[in-house]
Amino acid sequence: MTTAAAPAPALANQLEPPALVAQFLAHPPDDFRALLTRSGTPAFIARFDLLTTAEADLRRRVERLPLQRCWQRLLRPRTCFIGTTVSEYALFPAGADATALVHEWLADHAGQPFLIIKDIPQDSPLLDAASNAQAHAVAEAASAAGFVLLEGQALAWVPIDFASTDEYLARLSAARRKDIRRKLRVREQLQVEEIATGTAFFADAANRALFHALYLEVFAQSEIHFDRLSRDFFDALLQDASSGGIAFVYRRDDAIIGWNLCFVQGQALVDKYVGFSYPAARDNNLYFVSWLHNLDYARRRGLDCYIAGWTDPQIKSYLGARFTFTRHAVRPRSRLLRLALRHLARHFESDRAWAEHTETADGGAARP
């Protein structure tokens with residue numbers, strides 16, 4: 001096992017710049033230990049709340065069980081994740097044999113209570129045929145080795161196949177168009193500045209501190225608290241000109257009320273991090289404003305698509321996103337837990353259940 005360093009150069013499934021993964025390995029989230037496997041696959045070890053992706057009803061039932069303090073820690077086992085929390089997908093050495101990879105990970109990391117290959121692409125429209133084939137082979141090899149395959153999260157994306165914001169909005173229902181246009185009226189009161197990473201703005205420690213503080217505001221109000229990114233991570237990333245990052249900074253009356261850090265990678269605009277000042281961000285509909293701003297930026301740059309990330313699939317669907325799904329391969333060290341997980345798997349596939357319900361109710365609105 002090799003400790004954190006620059007990742008191997010040829011990694012499949014990578015939608016984001018290599019610099020982002022390098023900073024994850026150098027400055028992992030709080031209480032994480034980042035590493036590279038022998039084959040050069042980025043990975044990390046952290047405590048993981050097993051109910052993170054569970055259905056709300058299951059979480060409530062577990063929380064009502066007696067003597068919770070006595071056994072609660074058992075629900076947060078140390079887990080080795082093959083993957084990162086800054087890449088949309090697990091990153092595999094390009095062209096590597098899937099069975100050999102899975103056997104390597106088992107040989108080196110199956111001693112952890114849980115081993116999870118996270119975010120395995122599943123026929124992704126954002127990847128080439130070779131990457132999708134390798135991902136399918138990894139999932140099949142993991143299943144053959146005793147991993148349980150679970151449906152993963154919904155990755156939102158939008159093809160840039162429209163000539164204007166009006167044309168994009170025309171594809172939505174009349175009710176949604178009316179609501180979104182109403183929310184966008186506030187744009188006239190906002191100033192938007194585009195600031196590249198590695199420029200003088202980010203050489204100022206006060207600006208970097210503000211960015212991290214606003215990121216923490218978003219993290220605090222999120223339903224999932226897993227990977228809290230450190231000030232060191234943001235300091236390094238925001239000063240790294242090689243990443244090609246572009247921060248869209250939103251001001252109202254000259255005060256910064258939010259920011260959105262994106263990266264142009266190939267022909268895609270990849271949306272990675274936001275920081276909002278509450279309640280000003282909500283009062284100014286920054287989520288909606290930034291979504292349309294990003295689409296317009298990608299269109300003006302001649303890009304092919306906008307990749308909007310994993311969280312909040314309901315609101316992203318409302319805004320017109322499409323979705324592509326992943327799988328997680330999960331292997332508890334305990335054979336008893338493996339058996340239990342096979343029977344309980346459907347309770348940990350909330351994004352897929354949401355998408356199927358949305359398709360049934362709305363005639364395919366989720367478009368996975």
# chains A, B, ... in the order shown; residues from 1 in each chain; ligands from 1
$ residues_around --residues "Thr324 (chain A)" --least-positions-apart "3" --cutoff "7 Å" --atoms "only C-alpha atoms" --output "VMD selection string"
chain A and resid 124 154 to 156 368
$ write_last_selection --atoms "N, CA, C and O atoms" --output "JSON list (two decimals), in the first residue's frame"
[["chain", "number", "residue", "atom", "x", "y", "z"],
["A", 124, "SER", "N", -22.81, 4.70, -18.15],
["A", 124, "SER", "CA", -22.86, 6.16, -18.07],
["A", 124, "SER", "C", -22.76, 6.80, -19.44],
["A", 124, "SER", "O", -21.84, 6.50, -20.22],
["A", 154, "ALA", "N", -27.92, 9.10, -7.79],
["A", 154, "ALA", "CA", -28.30, 9.64, -9.09],
["A", 154, "ALA", "C", -27.40, 10.83, -9.42],
["A", 154, "ALA", "O", -27.45, 11.85, -8.74],
["A", 155, "LEU", "N", -26.58, 10.71, -10.45],
["A", 155, "LEU", "CA", -25.71, 11.79, -10.90],
["A", 155, "LEU", "C", -26.46, 12.64, -11.93],
["A", 155, "LEU", "O", -26.89, 12.15, -12.97],
["A", 156, "ALA", "N", -26.64, 13.91, -11.61],
["A", 156, "ALA", "CA", -27.40, 14.81, -12.48],
["A", 156, "ALA", "C", -26.51, 15.39, -13.57],
["A", 156, "ALA", "O", -25.36, 15.75, -13.32],
["A", 368, "PRO", "N", -33.57, 8.58, -15.99],
["A", 368, "PRO", "CA", -32.26, 8.01, -15.65],
["A", 368, "PRO", "C", -31.60, 7.41, -16.88],
["A", 368, "PRO", "O", -32.27, 7.13, -17.86]]
$ select_by_dssp --residues "region 70-237 of chain A" --states "strand (DSSP E or B)" --output "ChimeraX atom specification"
/A:78-82,92-93,114-121,148-159,190-196
$ residues_around --residues "Ile160 (chain A)" --least-positions-apart "5" --cutoff "10 Å" --atoms "only C-alpha atoms" --output "PyMOL selection string"
chain A and resi 168+268+295-296+298-300+302-306
$ residues_around --residues "Ser143 (chain A)" --least-positions-apart "2" --cutoff "12 Å" --atoms "only C-alpha atoms" --output "ChimeraX atom specification"
/A:98-99,102-103,116-117,136-141,145-150,327-331,338,342
$ write_last_selection --atoms "N, CA, C and O atoms" --output "mmCIF file, in the first residue's frame"
data_model
loop_
_atom_site.group_PDB
_atom_site.id
_atom_site.type_symbol
_atom_site.label_atom_id
_atom_site.label_comp_id
_atom_site.auth_asym_id
_atom_site.auth_seq_id
_atom_site.Cartn_x
_atom_site.Cartn_y
_atom_site.Cartn_z
ATOM 1 N N ALA A 98 -10.223 -6.462 -14.347
ATOM 2 C CA ALA A 98 -11.171 -6.240 -13.262
ATOM 3 C C ALA A 98 -11.014 -7.262 -12.143
ATOM 4 O O ALA A 98 -11.028 -6.909 -10.951
ATOM 5 N N THR A 99 -10.874 -8.524 -12.492
ATOM 6 C CA THR A 99 -10.753 -9.566 -11.469
ATOM 7 C C THR A 99 -9.485 -9.370 -10.654
ATOM 8 O O THR A 99 -9.495 -9.512 -9.418
ATOM 9 N N VAL A 102 -10.066 -6.499 -8.119
ATOM 10 C CA VAL A 102 -10.900 -6.884 -6.978
ATOM 11 C C VAL A 102 -10.126 -7.792 -6.030
ATOM 12 O O VAL A 102 -10.196 -7.629 -4.801
ATOM 13 N N HIS A 103 -9.372 -8.736 -6.567
ATOM 14 C CA HIS A 103 -8.583 -9.620 -5.708
ATOM 15 C C HIS A 103 -7.508 -8.849 -4.945
ATOM 16 O O HIS A 103 -7.216 -9.149 -3.782
ATOM 17 N N ILE A 116 -15.896 -1.207 0.574
ATOM 18 C CA ILE A 116 -16.895 -0.714 -0.369
ATOM 19 C C ILE A 116 -16.204 -0.143 -1.604
ATOM 20 O O ILE A 116 -15.328 0.721 -1.487
ATOM 21 N N ILE A 117 -16.577 -0.650 -2.762
ATOM 22 C CA ILE A 117 -16.178 -0.024 -4.030
ATOM 23 C C ILE A 117 -17.317 0.926 -4.370
ATOM 24 O O ILE A 117 -18.412 0.506 -4.728
ATOM 25 N N HIS A 136 -18.371 -2.319 -15.726
ATOM 26 C CA HIS A 136 -19.255 -3.485 -15.667
ATOM 27 C C HIS A 136 -18.482 -4.722 -15.227
ATOM 28 O O HIS A 136 -18.972 -5.510 -14.389
ATOM 29 N N ALA A 137 -17.276 -4.875 -15.753
ATOM 30 C CA ALA A 137 -16.454 -6.031 -15.382
ATOM 31 C C ALA A 137 -16.059 -5.989 -13.910
ATOM 32 O O ALA A 137 -16.030 -7.026 -13.237
ATOM 33 N N VAL A 138 -15.754 -4.792 -13.378
ATOM 34 C CA VAL A 138 -15.427 -4.662 -11.957
ATOM 35 C C VAL A 138 -16.626 -5.064 -11.099
ATOM 36 O O VAL A 138 -16.492 -5.786 -10.102
ATOM 37 N N ALA A 139 -17.818 -4.596 -11.471
ATOM 38 C CA ALA A 139 -19.016 -4.956 -10.709
ATOM 39 C C ALA A 139 -19.249 -6.460 -10.736
ATOM 40 O O ALA A 139 -19.573 -7.073 -9.697
ATOM 41 N N GLU A 140 -19.083 -7.079 -11.890
ATOM 42 C CA GLU A 140 -19.286 -8.517 -11.993
ATOM 43 C C GLU A 140 -18.231 -9.278 -11.188
ATOM 44 O O GLU A 140 -18.540 -10.271 -10.505
ATOM 45 N N ALA A 141 -16.974 -8.841 -11.253
ATOM 46 C CA ALA A 141 -15.917 -9.506 -10.491
ATOM 47 C C ALA A 141 -16.148 -9.351 -8.993
ATOM 48 O O ALA A 141 -15.896 -10.285 -8.211
ATOM 49 N N ALA A 145 -16.891 -12.253 -6.115
ATOM 50 C CA ALA A 145 -16.009 -12.359 -4.949
ATOM 51 C C ALA A 145 -16.759 -12.176 -3.634
ATOM 52 O O ALA A 145 -16.129 -12.116 -2.578
ATOM 53 N N GLY A 146 -18.074 -12.087 -3.676
ATOM 54 C CA GLY A 146 -18.852 -12.020 -2.449
ATOM 55 C C GLY A 146 -19.333 -10.644 -2.055
ATOM 56 O O GLY A 146 -19.960 -10.482 -1.002
ATOM 57 N N PHE A 147 -19.087 -9.623 -2.867
ATOM 58 C CA PHE A 147 -19.636 -8.298 -2.601
ATOM 59 C C PHE A 147 -21.138 -8.294 -2.904
ATOM 60 O O PHE A 147 -21.611 -9.027 -3.777
ATOM 61 N N VAL A 148 -21.856 -7.448 -2.207
ATOM 62 C CA VAL A 148 -23.268 -7.224 -2.498
ATOM 63 C C VAL A 148 -23.371 -5.949 -3.324
ATOM 64 O O VAL A 148 -22.848 -4.901 -2.931
ATOM 65 N N LEU A 149 -24.030 -6.029 -4.476
ATOM 66 C CA LEU A 149 -24.180 -4.863 -5.342
ATOM 67 C C LEU A 149 -25.440 -4.097 -4.974
ATOM 68 O O LEU A 149 -26.540 -4.671 -4.944
ATOM 69 N N LEU A 150 -25.268 -2.804 -4.673
ATOM 70 C CA LEU A 150 -26.383 -1.932 -4.343
ATOM 71 C C LEU A 150 -26.488 -0.824 -5.381
ATOM 72 O O LEU A 150 -25.468 -0.324 -5.870
ATOM 73 N N ARG A 327 -23.409 1.983 -9.093
ATOM 74 C CA ARG A 327 -23.600 0.899 -8.135
ATOM 75 C C ARG A 327 -22.481 0.963 -7.104
ATOM 76 O O ARG A 327 -21.378 1.432 -7.384
ATOM 77 N N HIS A 328 -22.789 0.510 -5.907
ATOM 78 C CA HIS A 328 -21.781 0.311 -4.873
ATOM 79 C C HIS A 328 -21.640 -1.188 -4.655
ATOM 80 O O HIS A 328 -22.654 -1.904 -4.572
ATOM 81 N N ALA A 329 -20.404 -1.663 -4.558
ATOM 82 C CA ALA A 329 -20.152 -3.058 -4.212
ATOM 83 C C ALA A 329 -19.715 -3.089 -2.752
ATOM 84 O O ALA A 329 -18.693 -2.503 -2.399
ATOM 85 N N VAL A 330 -20.489 -3.734 -1.901
ATOM 86 C CA VAL A 330 -20.295 -3.677 -0.455
ATOM 87 C C VAL A 330 -19.976 -5.076 0.066
ATOM 88 O O VAL A 330 -20.717 -6.032 -0.202
ATOM 89 N N ARG A 331 -18.896 -5.162 0.845
ATOM 90 C CA ARG A 331 -18.524 -6.459 1.422
ATOM 91 C C ARG A 331 -18.235 -6.301 2.914
ATOM 92 O O ARG A 331 -17.144 -5.899 3.309
ATOM 93 N N ARG A 338 -23.168 -10.015 5.605
ATOM 94 C CA ARG A 338 -23.310 -10.121 4.153
ATOM 95 C C ARG A 338 -24.667 -10.719 3.787
ATOM 96 O O ARG A 338 -25.362 -10.241 2.886
ATOM 97 N N ARG A 342 -27.908 -8.750 1.825
ATOM 98 C CA ARG A 342 -28.573 -9.222 0.608
ATOM 99 C C ARG A 342 -30.092 -9.125 0.744
ATOM 100 O O ARG A 342 -30.803 -8.833 -0.217
#
$ atom_distance --atom1 "CA of Gln221 (chain A)" --atom2 "CA of Leu286 (chain A)"
15.3 Å
$ atom_distance --atom1 "CA of Trp310 (chain A)" --atom2 "CA of Gln153 (chain A)"
6.5 Å
$ atom_distance --atom1 "CA of His109 (chain A)" --atom2 "CA of Arg228 (chain A)"
23.5 Å
